[in-house]
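J.: Structure file protein-v3.cif (mmCIF, C-alpha atoms) is given on the next line.
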```
data_structure
#
loop_
_atom_site.label_atom_id
_atom_site.label_comp_id
_atom_site.auth_asym_id
_atom_site.auth_seq_id
_atom_site.Cartn_x
_atom_site.Cartn_y
_atom_site.Cartn_z
CA MET S 50 -50.98 -25.95 3.81
CA ASP S 51 -49.66 -25.81 0.31
CA ARG S 52 -45.99 -24.79 0.07
CA LEU S 53 -46.66 -22.14 -2.55
CA PHE S 54 -49.30 -20.51 -0.36
CA LEU S 55 -47.08 -20.70 2.72
CA ARG S 56 -44.04 -19.19 0.99
CA VAL S 57 -45.95 -16.32 -0.61
CA TYR S 58 -47.90 -15.67 2.59
CA LEU S 59 -44.75 -15.57 4.71
CA HIS S 60 -43.04 -13.25 2.24
CA ILE S 61 -46.00 -10.86 2.23
CA PHE S 62 -46.34 -11.01 6.02
CA ALA S 63 -42.61 -10.38 6.45
CA GLY S 64 -42.91 -7.43 4.09
CA VAL S 65 -45.79 -6.01 6.14
CA LEU S 66 -43.80 -6.43 9.37
CA LEU S 67 -40.79 -4.75 7.79
CA ALA S 68 -42.98 -1.87 6.63
CA GLY S 69 -44.37 -1.60 10.19
CA ALA S 70 -40.86 -1.49 11.66
CA VAL S 71 -39.84 1.23 9.22
CA ALA S 72 -42.99 3.19 10.05
CA GLN S 73 -42.33 2.79 13.78
CA ALA S 74 -38.80 4.11 13.35
CA PHE S 75 -39.39 6.99 10.94
CA VAL S 76 -43.11 7.77 10.50
CA ILE S 77 -44.70 7.30 13.94
CA PRO S 78 -42.31 9.77 15.68
CA ARG S 79 -43.34 12.47 13.23
CA ILE S 80 -47.02 11.69 13.79
CA ASN S 81 -46.57 11.77 17.58
CA ALA S 82 -44.78 15.11 17.39
CA GLN S 83 -47.63 16.58 15.38
CA LEU S 84 -50.19 15.14 17.80
CA ALA S 85 -48.29 16.66 20.72
CA ARG S 86 -48.40 20.10 19.09
CA ASN S 87 -52.12 19.70 18.35
CA ILE S 88 -52.85 18.73 21.98
CA GLU S 89 -50.88 21.68 23.29
CA VAL S 90 -52.69 24.12 21.01
CA SER S 91 -56.14 22.61 21.62
CA PHE S 92 -55.95 22.70 25.44
CA ALA S 93 -53.97 25.93 25.78
CA VAL S 94 -57.03 28.23 26.13
CA PRO S 95 -59.02 26.20 28.72
CA VAL S 96 -55.89 25.56 30.83
CA ALA S 97 -54.93 29.27 30.68
CA LEU S 98 -58.46 30.27 31.74
CA MET S 99 -58.28 27.83 34.62
CA ALA S 100 -54.92 29.33 35.66
CA GLU S 101 -56.49 32.84 35.65
CA MET S 102 -59.32 31.52 37.83
CA PHE S 103 -56.82 30.29 40.41
CA GLU S 104 -54.90 33.58 40.13
CA GLU S 105 -58.09 35.53 40.97
CA ARG S 106 -58.82 33.22 43.89
CA TYR S 107 -55.33 33.72 45.28
CA SER S 108 -55.50 37.49 44.93
CA GLN S 109 -58.71 37.59 46.96
CA HIS S 110 -58.19 34.88 49.59
CA HIS S 111 -54.40 34.25 49.51
CA ASP S 112 -55.05 30.57 49.05
CA PHE S 113 -56.24 28.26 46.31
CA GLY S 114 -59.04 26.67 48.29
CA GLY S 115 -61.08 23.86 46.80
CA PRO S 116 -61.51 24.84 43.10
CA ALA S 117 -58.72 22.43 42.11
CA GLU S 118 -60.52 19.45 43.64
CA GLN S 119 -63.81 20.60 42.17
CA ALA S 120 -62.31 20.94 38.66
CA ALA S 121 -60.69 17.50 38.91
CA LYS S 122 -64.04 15.91 39.83
CA ARG S 123 -65.96 17.84 37.20
CA PHE S 124 -63.65 17.19 34.23
CA GLU S 125 -62.31 13.80 35.42
CA VAL S 126 -58.81 15.09 34.90
CA PRO S 127 -56.21 15.45 37.66
CA VAL S 128 -55.84 19.16 38.50
CA VAL S 129 -53.17 20.15 41.05
CA ILE S 130 -51.18 23.19 41.95
CA ILE S 131 -47.49 22.63 42.53
CA PRO S 132 -44.50 24.88 43.23
CA ARG S 133 -42.72 26.02 40.10
CA ALA S 134 -39.54 24.28 41.24
CA ASP S 135 -41.35 20.91 41.30
CA ALA S 136 -42.50 21.12 37.67
CA PRO S 137 -40.69 18.38 35.62
CA LEU S 138 -39.81 20.72 32.79
CA GLY S 139 -36.60 21.56 31.01
CA ALA S 140 -35.05 24.98 30.76
CA ASP S 141 -36.71 25.78 27.41
CA ALA S 142 -40.13 24.70 28.67
CA LEU S 143 -39.69 26.75 31.88
CA GLY S 144 -38.75 29.76 29.78
CA ARG S 145 -41.95 29.42 27.76
CA LEU S 146 -43.91 28.92 30.98
CA ASP S 147 -42.51 32.13 32.47
CA VAL S 148 -43.66 34.23 29.50
CA GLY S 149 -47.23 32.96 29.93
CA GLU S 150 -47.41 30.05 27.50
CA VAL S 151 -49.11 26.74 28.21
CA VAL S 152 -46.57 23.93 28.02
CA ARG S 153 -47.19 20.22 27.36
CA ALA S 154 -44.97 17.44 28.75
CA GLY S 155 -44.95 13.64 28.97
CA PRO S 156 -46.06 10.94 26.48
CA VAL S 157 -48.50 11.96 23.76
CA PHE S 158 -51.42 9.87 25.03
CA ALA S 159 -50.65 10.80 28.68
CA SER S 160 -50.01 14.50 28.19
CA VAL S 161 -49.69 16.86 31.16
CA LEU S 162 -50.26 20.61 30.65
CA TYR S 163 -48.64 23.34 32.75
CA ALA S 164 -49.59 27.01 33.11
CA ARG S 165 -48.12 29.73 35.36
CA ILE S 166 -50.36 31.30 37.99
CA GLU S 167 -49.47 35.00 37.93
CA GLY S 168 -48.48 36.59 41.23
CA THR S 169 -47.58 33.27 42.86
CA GLY S 170 -44.67 30.89 42.77
CA HIS S 171 -46.93 28.06 41.76
CA VAL S 172 -47.83 26.30 38.52
CA LEU S 173 -51.13 24.73 37.47
CA GLN S 174 -50.70 21.07 36.44
CA VAL S 175 -53.54 19.49 34.43
CA GLY S 176 -53.29 15.85 33.52
CA PRO S 177 -52.37 13.28 32.53
CA MET S 178 -55.11 13.83 29.92
CA PRO S 179 -57.45 10.85 29.35
CA LEU S 180 -56.43 10.25 25.71
CA ARG S 181 -56.57 6.71 24.39
CA PHE S 182 -54.57 5.18 21.59
CA PRO S 183 -57.18 4.05 18.97
CA LEU S 184 -55.38 0.78 18.18
CA GLY S 185 -54.42 -0.20 21.70
CA GLY S 186 -55.62 -2.97 23.96
CA ALA S 187 -58.25 -5.50 22.91
CA ARG S 188 -59.36 -3.34 20.00
CA GLY S 189 -55.86 -3.33 18.54
CA ALA S 190 -55.50 -7.09 19.00
CA GLY S 191 -58.83 -7.63 17.29
CA LEU S 192 -57.88 -5.41 14.38
CA PHE S 193 -54.56 -7.23 14.04
CA LEU S 194 -56.29 -10.61 13.96
CA CYS S 195 -58.73 -9.32 11.36
CA PHE S 196 -55.81 -8.07 9.27
CA VAL S 197 -54.00 -11.41 9.49
CA GLY S 198 -57.17 -13.31 8.58
CA GLY S 199 -57.98 -11.03 5.66
CA LEU S 200 -54.42 -11.25 4.40
CA SER S 201 -54.54 -15.06 4.57
CA LEU S 202 -57.82 -15.25 2.69
CA GLY S 203 -56.61 -12.78 0.07
CA VAL S 204 -53.37 -14.65 -0.55
CA PHE S 205 -55.23 -17.97 -0.72
CA ALA S 206 -57.80 -16.58 -3.16
CA LEU S 207 -54.99 -15.14 -5.30
CA LEU S 208 -52.83 -18.26 -5.37
CA ARG S 209 -55.50 -20.91 -5.79
CA PRO S 210 -56.12 -20.31 -9.54
CA ILE S 211 -52.41 -19.73 -10.08
CA ARG S 212 -51.61 -23.06 -8.44
CA ARG S 213 -54.23 -24.79 -10.59
CA GLN S 214 -52.78 -23.27 -13.76
CA LEU S 215 -49.23 -24.22 -12.77
CA LEU S 216 -50.29 -27.81 -12.09
CA ASP S 217 -51.96 -27.93 -15.50
CA LEU S 218 -48.76 -26.59 -17.10
CA ARG S 219 -46.76 -29.25 -15.28
CA ARG S 220 -49.08 -32.05 -16.45
CA THR S 221 -48.93 -30.76 -20.03
CA ALA S 222 -45.12 -30.50 -20.00
CA GLU S 223 -44.82 -34.03 -18.56
CA ALA S 224 -47.22 -35.35 -21.20
CA LEU S 225 -45.21 -33.72 -23.99
CA GLY S 226 -42.07 -35.21 -22.49
CA ARG S 227 -43.67 -38.67 -22.62
CA GLY S 228 -44.37 -38.20 -26.31
CA GLU S 229 -48.08 -37.31 -26.03
CA LEU S 230 -47.77 -34.53 -28.58
CA ASP S 231 -51.50 -33.73 -28.65
CA ALA S 232 -51.45 -32.60 -24.98
CA ARG S 233 -52.40 -28.96 -24.52
CA ALA S 234 -52.62 -26.65 -21.50
CA ALA S 235 -55.77 -24.72 -20.65
CA VAL S 236 -55.43 -20.98 -21.26
CA GLY S 237 -57.64 -19.54 -18.54
CA SER S 238 -56.36 -15.98 -18.26
CA ARG S 239 -54.46 -13.29 -20.12
CA ASP S 240 -51.76 -12.81 -17.49
CA VAL S 241 -48.19 -14.09 -17.64
CA ILE S 242 -49.28 -17.65 -16.82
CA GLY S 243 -51.85 -17.54 -19.62
CA ALA S 244 -49.12 -16.34 -21.97
CA LEU S 245 -46.92 -19.20 -20.76
CA SER S 246 -49.72 -21.69 -21.42
CA THR S 247 -50.17 -20.28 -24.91
CA ALA S 248 -46.43 -20.51 -25.58
CA LEU S 249 -46.38 -24.12 -24.34
CA ASN S 250 -49.31 -24.99 -26.60
CA HIS S 251 -47.57 -23.38 -29.58
CA MET S 252 -44.44 -25.33 -28.73
CA GLY S 253 -46.47 -28.54 -28.64
CA GLU S 254 -48.04 -27.72 -32.00
CA ASP S 255 -44.66 -26.89 -33.54
CA LEU S 256 -43.16 -30.06 -32.08
CA GLN S 257 -46.04 -32.17 -33.36
CA ARG S 258 -45.81 -30.56 -36.79
CA SER S 259 -42.02 -30.91 -36.88
CA ILE S 260 -42.09 -34.59 -35.96
CA ALA S 261 -44.87 -35.25 -38.48
CA MET S 262 -42.86 -33.47 -41.18
CA ARG S 263 -39.74 -35.36 -40.18
CA GLU S 264 -41.52 -38.70 -40.36
CA GLU S 265 -42.99 -37.78 -43.73
CA LEU S 266 -39.59 -36.58 -44.94
CA LEU S 267 -37.96 -39.78 -43.73
CA HIS S 268 -40.58 -41.86 -45.51
CA ILE S 269 -40.24 -39.93 -48.76
CA THR S 270 -36.45 -39.89 -48.52
CA SER S 271 -36.30 -43.63 -48.11
CA HIS S 272 -38.51 -43.93 -51.18
CA GLU S 273 -36.34 -41.52 -53.18
CA LEU S 274 -33.13 -43.30 -52.19
CA ARG S 275 -34.50 -46.66 -53.17
CA ALA S 276 -34.57 -45.92 -56.93
CA PRO S 277 -30.86 -44.98 -57.38
CA THR S 278 -29.73 -47.77 -55.05
CA GLN S 279 -31.74 -50.30 -57.03
CA ARG S 280 -30.19 -48.98 -60.23
CA LEU S 281 -26.78 -49.33 -58.60
CA HIS S 282 -27.44 -52.97 -57.74
CA PHE S 283 -28.75 -53.63 -61.23
CA SER S 284 -25.77 -51.90 -62.90
CA LEU S 285 -23.29 -53.78 -60.70
CA ALA S 286 -24.97 -57.05 -61.56
CA LEU S 287 -24.70 -56.19 -65.26
CA ALA S 288 -21.02 -55.30 -64.79
CA ARG S 289 -20.31 -58.65 -63.15
CA GLU S 290 -22.12 -60.57 -65.88
CA ALA S 291 -20.73 -58.55 -68.78
CA VAL S 292 -18.34 -60.42 -71.05
CA GLU S 293 -17.51 -57.71 -73.52
CA PRO S 294 -15.40 -54.75 -72.30
CA ASP S 295 -17.83 -52.27 -73.87
CA ASP S 296 -20.77 -53.77 -71.97
CA ARG S 297 -18.80 -53.66 -68.75
CA GLU S 298 -17.77 -50.04 -69.37
CA HIS S 299 -21.39 -49.11 -70.11
CA ALA S 300 -22.50 -50.74 -66.86
CA PHE S 301 -19.88 -48.82 -64.87
CA GLU S 302 -21.01 -45.58 -66.49
CA ARG S 303 -24.51 -46.31 -65.24
CA VAL S 304 -23.06 -46.92 -61.77
CA GLU S 305 -21.30 -43.54 -61.87
CA ARG S 306 -24.50 -41.77 -62.96
CA SER S 307 -26.41 -43.42 -60.13
CA LEU S 308 -23.73 -42.37 -57.63
CA GLU S 309 -23.82 -38.80 -58.94
CA GLU S 310 -27.60 -38.83 -58.54
CA LEU S 311 -27.20 -40.07 -54.97
CA ASP S 312 -24.67 -37.32 -54.21
CA GLN S 313 -27.00 -34.68 -55.59
CA LEU S 314 -29.94 -36.04 -53.61
CA ILE S 315 -27.93 -36.11 -50.37
CA ASP S 316 -26.68 -32.57 -51.00
CA GLU S 317 -30.23 -31.33 -51.57
CA LEU S 318 -31.46 -33.11 -48.43
CA LEU S 319 -28.68 -31.64 -46.31
CA THR S 320 -29.38 -28.15 -47.65
CA TYR S 321 -33.09 -28.50 -46.95
CA VAL S 322 -32.55 -29.80 -43.39
CA ARG S 323 -29.89 -27.21 -42.50
CA LEU S 324 -32.23 -24.39 -43.45
CA LYS S 325 -34.85 -25.61 -40.96
CA GLY S 326 -35.01 -23.18 -38.05
CA ARG S 327 -32.14 -21.08 -39.37
CA ARG S 328 -32.16 -17.31 -38.93
CA ALA S 329 -30.48 -14.80 -41.19
CA PRO S 330 -27.56 -12.85 -39.67
CA ALA S 331 -28.71 -9.53 -38.16
CA GLY S 332 -26.42 -7.42 -40.33
CA ALA S 333 -26.88 -9.34 -43.59
CA SER S 334 -27.75 -7.17 -46.61
CA VAL S 335 -27.08 -7.20 -50.33
CA ASP S 336 -27.89 -5.17 -53.44
CA VAL S 337 -29.84 -7.78 -55.42
CA GLY S 338 -29.51 -6.05 -58.81
CA PRO S 339 -25.81 -6.85 -59.44
CA VAL S 340 -26.24 -10.29 -57.85
CA LEU S 341 -29.01 -11.22 -60.30
CA ALA S 342 -27.11 -9.84 -63.30
CA GLU S 343 -24.02 -11.87 -62.42
CA LEU S 344 -26.09 -14.98 -61.73
CA CYS S 345 -27.88 -14.77 -65.09
CA GLU S 346 -24.55 -14.38 -66.86
CA THR S 347 -23.17 -17.43 -65.07
CA LEU S 348 -26.20 -19.63 -65.89
CA THR S 349 -26.02 -18.88 -69.61
CA ILE S 350 -23.49 -21.72 -69.84
CA VAL S 351 -26.16 -24.25 -68.78
CA PRO S 352 -27.21 -26.27 -71.83
CA SER S 353 -30.80 -25.33 -72.68
CA ARG S 354 -33.03 -24.47 -75.60
CA ALA S 355 -34.07 -21.24 -73.85
CA THR S 356 -32.17 -17.96 -73.39
CA ILE S 357 -32.02 -15.97 -70.17
CA SER S 358 -32.92 -12.26 -70.08
CA ALA S 359 -31.27 -10.54 -67.15
CA PRO S 360 -32.97 -7.66 -65.27
CA VAL S 361 -32.28 -4.18 -66.64
CA PRO S 362 -30.03 -2.24 -64.22
CA GLY S 363 -31.78 0.68 -62.55
CA ALA S 364 -30.50 3.88 -61.02
CA GLU S 365 -31.81 2.89 -57.57
CA SER S 366 -29.91 0.30 -55.56
CA LEU S 367 -32.27 -2.34 -54.16
CA VAL S 368 -30.69 -3.45 -50.88
CA VAL S 369 -32.51 -6.15 -48.91
CA ARG S 370 -31.77 -7.84 -45.58
CA VAL S 371 -30.75 -11.23 -46.99
CA GLU S 372 -27.68 -13.45 -47.03
CA ALA S 373 -26.15 -13.17 -50.50
CA ARG S 374 -25.19 -16.85 -50.77
CA LEU S 375 -28.69 -18.04 -49.93
CA VAL S 376 -30.51 -15.62 -52.21
CA GLU S 377 -28.22 -16.70 -55.06
CA ARG S 378 -29.13 -20.32 -54.33
CA ALA S 379 -32.86 -19.54 -54.30
CA VAL S 380 -32.86 -17.55 -57.57
CA SER S 381 -30.54 -20.12 -59.18
CA ASN S 382 -33.04 -22.87 -58.36
CA LEU S 383 -35.86 -20.83 -59.87
CA ILE S 384 -33.90 -20.10 -63.08
CA LEU S 385 -32.80 -23.72 -63.50
CA ASN S 386 -36.39 -24.84 -62.98
CA ALA S 387 -37.55 -22.34 -65.62
CA LEU S 388 -34.84 -23.50 -68.07
CA ARG S 389 -36.07 -27.07 -67.67
CA TYR S 390 -39.59 -26.22 -68.88
CA ALA S 391 -39.14 -23.09 -71.06
CA LYS S 392 -39.54 -23.33 -74.82
CA SER S 393 -37.28 -20.45 -75.80
CA ARG S 394 -37.18 -17.73 -73.21
CA VAL S 395 -36.57 -17.19 -69.48
CA GLN S 396 -36.91 -13.65 -68.17
CA VAL S 397 -35.61 -12.41 -64.80
CA SER S 398 -36.94 -9.06 -63.51
CA LEU S 399 -36.78 -7.05 -60.34
CA THR S 400 -39.42 -4.69 -58.87
CA ARG S 401 -39.98 -2.80 -55.66
CA GLU S 402 -43.37 -2.42 -53.98
CA GLY S 403 -43.56 -0.53 -50.70
CA ARG S 404 -41.27 -2.19 -48.16
CA ALA S 405 -40.62 -5.30 -50.26
CA ILE S 406 -38.40 -6.31 -53.18
CA HIS S 407 -39.83 -8.81 -55.68
CA ILE S 408 -37.66 -11.04 -57.88
CA HIS S 409 -39.64 -12.47 -60.82
CA VAL S 410 -38.59 -15.45 -62.95
CA ASP S 411 -40.86 -15.96 -66.00
CA ASP S 412 -40.78 -18.64 -68.70
CA ASP S 413 -42.77 -19.43 -71.83
CA GLY S 414 -43.25 -23.10 -70.99
CA PRO S 415 -46.46 -25.02 -70.34
CA GLY S 416 -47.12 -23.27 -67.03
CA ILE S 417 -48.31 -24.73 -63.75
CA PRO S 418 -51.90 -25.88 -63.13
CA LEU S 419 -53.73 -23.71 -60.60
CA ALA S 420 -54.31 -26.62 -58.24
CA GLU S 421 -50.56 -27.38 -58.12
CA ARG S 422 -49.22 -23.86 -57.52
CA GLU S 423 -49.02 -24.31 -53.77
CA ARG S 424 -48.11 -27.99 -53.60
CA ILE S 425 -45.02 -27.66 -55.79
CA PHE S 426 -43.19 -26.06 -52.84
CA GLU S 427 -43.64 -29.20 -50.74
CA PRO S 428 -40.58 -31.50 -50.41
CA PHE S 429 -40.35 -34.20 -53.11
CA HIS S 430 -43.53 -33.03 -54.85
CA ARG S 431 -43.09 -33.19 -58.63
CA LEU S 432 -45.44 -32.48 -61.49
CA ASP S 433 -46.06 -35.08 -64.17
CA ASP S 434 -43.02 -35.89 -66.28
CA GLU S 435 -44.81 -35.27 -69.59
CA ARG S 436 -44.24 -31.51 -69.35
CA THR S 437 -40.56 -31.87 -70.28
CA ASP S 438 -38.16 -34.37 -71.79
CA GLU S 439 -35.57 -33.66 -69.10
CA SER S 440 -35.15 -35.36 -65.77
CA PRO S 441 -37.80 -34.10 -63.31
CA GLY S 442 -35.25 -33.75 -60.50
CA PHE S 443 -35.80 -34.65 -56.86
CA GLY S 444 -38.59 -32.25 -55.97
CA LEU S 445 -36.47 -30.38 -53.44
CA GLY S 446 -35.39 -27.31 -55.41
CA LEU S 447 -38.57 -25.28 -54.87
CA ALA S 448 -38.86 -26.51 -51.27
CA ILE S 449 -35.38 -25.08 -50.65
CA VAL S 450 -36.46 -21.79 -52.25
CA ARG S 451 -39.38 -21.54 -49.83
CA ARG S 452 -37.14 -22.33 -46.88
CA ILE S 453 -34.67 -19.61 -47.90
CA ALA S 454 -37.51 -17.10 -48.25
CA GLU S 455 -38.87 -17.98 -44.80
CA VAL S 456 -35.40 -17.68 -43.24
CA HIS S 457 -35.31 -14.02 -44.34
CA GLY S 458 -38.94 -13.25 -43.50
CA GLY S 459 -39.99 -13.35 -47.16
CA SER S 460 -42.19 -15.53 -49.35
CA VAL S 461 -42.37 -17.23 -52.74
CA ALA S 462 -45.37 -17.75 -54.99
CA ALA S 463 -46.13 -19.49 -58.27
CA LEU S 464 -48.30 -17.53 -60.71
CA GLY S 465 -49.14 -17.31 -64.39
CA SER S 466 -46.74 -15.41 -66.64
CA GLU S 467 -47.37 -12.94 -69.44
CA LEU S 468 -44.96 -15.04 -71.50
CA GLY S 469 -47.50 -17.85 -71.42
CA GLY S 470 -45.76 -20.11 -68.93
CA ALA S 471 -45.06 -19.84 -65.21
CA ARG S 472 -43.95 -16.93 -63.06
CA PHE S 473 -42.18 -17.45 -59.72
CA THR S 474 -42.07 -14.38 -57.47
CA LEU S 475 -39.56 -14.33 -54.64
CA SER S 476 -40.20 -11.50 -52.16
CA PHE S 477 -37.95 -10.12 -49.41
CA PRO S 478 -38.52 -7.25 -46.97
CA VAL S 479 -36.37 -4.16 -47.44
#
```
Now, as a test, write the supplied structure out as C-alpha cells.

T.:
Amino acid sequence: MDRLFLRVYLHIFAGVLLAGAVAQAFVIPRINAQLARNIEVSFAVPVALMAEMFEERYSQHHDFGGPAEQAAKRFEVPVVIIPRADAPLGADALGRLDVGEVVRAGPVFASVLYARIEGTGHVLQVGPMPLRFPLGGARGAGLFLCFVGGLSLGVFALLRPIRRQLLDLRRTAEALGRGELDARAAVGSRDVIGALSTALNHMGEDLQRSIAMREELLHITSHELRAPTQRLHFSLALAREAVEPDDREHAFERVERSLEELDQLIDELLTYVRLKGRRAPAGASVDVGPVLAELCETLTIVPSRATISAPVPGAESLVVRVEARLVERAVSNLILNALRYAKSRVQVSLTREGRAIHIHVDDDGPGIPLAERERIFEPFHRLDDERTDESPGFGLGLAIVRRIAEVHGGSVAALGSELGGARFTLSFPV
C-alpha cells in the first residue's frame, strides 16, 4: 500500500474513532436518556391498564390468579407481581410509584416498567422489554465493515489522482534541476495542486527565459568589450613604437579614452544587471514635478546644440510610488538620448491620466522608425549611426529605462512627437 494512502487513511480513521469516543462520552448518554423517557411515556398507559386489571381481580378474588402468566405468554414480555419492598427502585422512583405513576428502570434496551396495584402491597413488573439496539450484533459488525470498506475506497479514489499529480510535479522539478528547462508539469485540475503545477511551469518559463537572456547578454557583452580592448592593445602598441613624445602622448590619450569607455560600459552593465528582479521599496514616493525641473536645470550644462524646456510647474503635486534616484536616472537617460539626436529643442512635459503619471521627453530630431520603436529598448540594440554625428553609445541606456519602469510597475514607450522627432513616454502608477 502506498505510504501516502496509508498515512491519510490512518489519520482519517483515527479521526473517526476519536469522534466516536467523544460521541460515546457526551452524545450517546443524552440520546439514551431521551430514549428512556420516550419508553416510559409510550408504555405508561398499557402498563397502568394492566395494573388496574390485576387490581380488579384482587378486589373480587383476593388473589392474582393466572392473568400474569397469560399476559406474559400473549405479549412475550415477562409479567410478574412482586411485593413493593422487592422492587429495585430508589427513593425518588418509589415516591413516583406511590402517587400512581409508571416508573421505568434498568438499561434503555432492557427496560423494566413498574406500576402500583391499588389496594395491595404489590407492584406490577413488566419487562425487560424486548427492545433491540439497531447497530448491535452481526448487523452492527456488517455495517462497521461496510463503513471501513467505503472509507478505504473513498480515500483511495481521492488520493490516486493527487498522487499522480505529485509524482508529475516531482519529475518536472527533477528535470528542471538537471537543466532540462523545457520540462513542464501537467495542469490537470484547478485545485491547489493545479495551482502549484502552474506556478512550477511559470518558474520553468521564467528560468528558461532568464538563462536565454543571460546567455544572449553574455554573448553581446563579450562582443561589446572586444572593441575597446582591441583599441587598448592597438594604442599600447603605438605607444611602445612611438619615437616622438607627441606621438606617445597621443597614444596614451587614446588608451585613457578606451579605459573611460570600458568604465562606462561596465557601469552600465552593472546597473542593468542590478535592476533585474529588483522591487521598489514599499514606502517609496516622490513628487516628480520638482525632480524633473531640477534635473532639466542640471542637464543644461551638457554640451549640445539643443536646448531643454523644463515642464511648467502646476498647482497639483504629482506624487508617484517610485524611488527618486531611479526615476532621475531613467529621465536623465531619456533626456541625454534626446540631446544626442535633437536639432535644436528638447521638451520635457508631465501629464496625469487617471491613476497614472506620464513623463514625456520630445525632440525635433530625425525620429525613430516605426519598426524600431520596440526593439530600441532591448540591451545593446542601437539604430544606425548616420542619424547623428555623436557616439551611438552602448545601447544600454533605454534598456535601463525600461528596467526602472518595470521595477515600479510602470512602462515606457517610443512614439512620434509633435516637434517632428521622437517622443519617449515614461509612465508610473499613482

J.: Pick out the residues sitting within 7 Å of Leu464 (chain S), and hand them over as an MDAnalysis selection string; count all atoms listed in the file, and ignore anything fewer than 6 positions along from it in its own chain.

T.: chainID S and resid 471:473

J.: Report as a PyMOL selection string the full result of the PyMOL selection byres ((chain S and resi 342) around 12) when it is applied to this structure.

T.: chain S and resi 336-341+343-349+357-363+377+380-381+396-399+408

J.: Would you put the residues from that selection into a file with C-alpha atoms, as a compact mmCIF listing (two decimals), in the frame of the given file?

T.:
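That gives us out.txt:
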```
# COMPACT_ATOMS: atom_id res chain seq x y z
CA ASP S 336 -27.89 -5.17 -53.44
CA VAL S 337 -29.84 -7.78 -55.42
CA GLY S 338 -29.51 -6.05 -58.81
CA PRO S 339 -25.81 -6.85 -59.44
CA VAL S 340 -26.24 -10.29 -57.85
CA LEU S 341 -29.01 -11.22 -60.30
CA GLU S 343 -24.02 -11.87 -62.42
CA LEU S 344 -26.09 -14.98 -61.73
CA CYS S 345 -27.88 -14.77 -65.09
CA GLU S 346 -24.55 -14.38 -66.86
CA THR S 347 -23.17 -17.43 -65.07
CA LEU S 348 -26.20 -19.63 -65.89
CA THR S 349 -26.02 -18.88 -69.61
CA ILE S 357 -32.02 -15.97 -70.17
CA SER S 358 -32.92 -12.26 -70.08
CA ALA S 359 -31.27 -10.54 -67.15
CA PRO S 360 -32.97 -7.66 -65.27
CA VAL S 361 -32.28 -4.18 -66.64
CA PRO S 362 -30.03 -2.24 -64.22
CA GLY S 363 -31.78 0.68 -62.55
CA GLU S 377 -28.22 -16.70 -55.06
CA VAL S 380 -32.86 -17.55 -57.57
CA SER S 381 -30.54 -20.12 -59.18
CA GLN S 396 -36.91 -13.65 -68.17
CA VAL S 397 -35.61 -12.41 -64.80
CA SER S 398 -36.94 -9.06 -63.51
CA LEU S 399 -36.78 -7.05 -60.34
CA ILE S 408 -37.66 -11.04 -57.88
```

J.: Tell me which of S:Phe426, S:Phe193, S:Phe62, S:Phe103 sits closest to Ala463 (chain S), counting all atoms listed in the file.

T.: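 Closest to Ala463 (chain S), using all atoms listed in the file: S:Phe426.
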
J.: Using the chain letters and numbers from the file, which residues does the PyMOL selection byres ((chain S and resi 429) around 6) grab, as a ChimeraX atom specification?

T.: /S:428,430,443-445

J.: Keeping only C-alpha atoms, write the selected residues as a short mmCIF file (atom, residue, chain, number, x, y, z; two decimals), keeping the file's coordinate frame.

T.:
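selection24.cif, freshly written:
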```cif
data_model
loop_
_atom_site.label_atom_id
_atom_site.label_comp_id
_atom_site.auth_asym_id
_atom_site.auth_seq_id
_atom_site.Cartn_x
_atom_site.Cartn_y
_atom_site.Cartn_z
CA PRO S 428 -40.58 -31.50 -50.41
CA HIS S 430 -43.53 -33.03 -54.85
CA PHE S 443 -35.80 -34.65 -56.86
CA GLY S 444 -38.59 -32.25 -55.97
CA LEU S 445 -36.47 -30.38 -53.44
#
```

J.: Quick one: distance from CA of Glu89 (chain S) to CA of Val175 (chain S) in Å, one decimal?

T.: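 Distance reported for this atom pair: 11.7 Å.
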
J.: Just to confirm, what's the straight-line distance from CA of Gln73 (chain S) to CA of Val197 (chain S) in Å (one decimal)?

T.: 18.9 Å

J.: Between CA of Gly465 (chain S) and CA of Val351 (chain S), measure the distance and give it in Å to one decimal.

T.: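 Computing it gives 24.4 Å between the two atoms.
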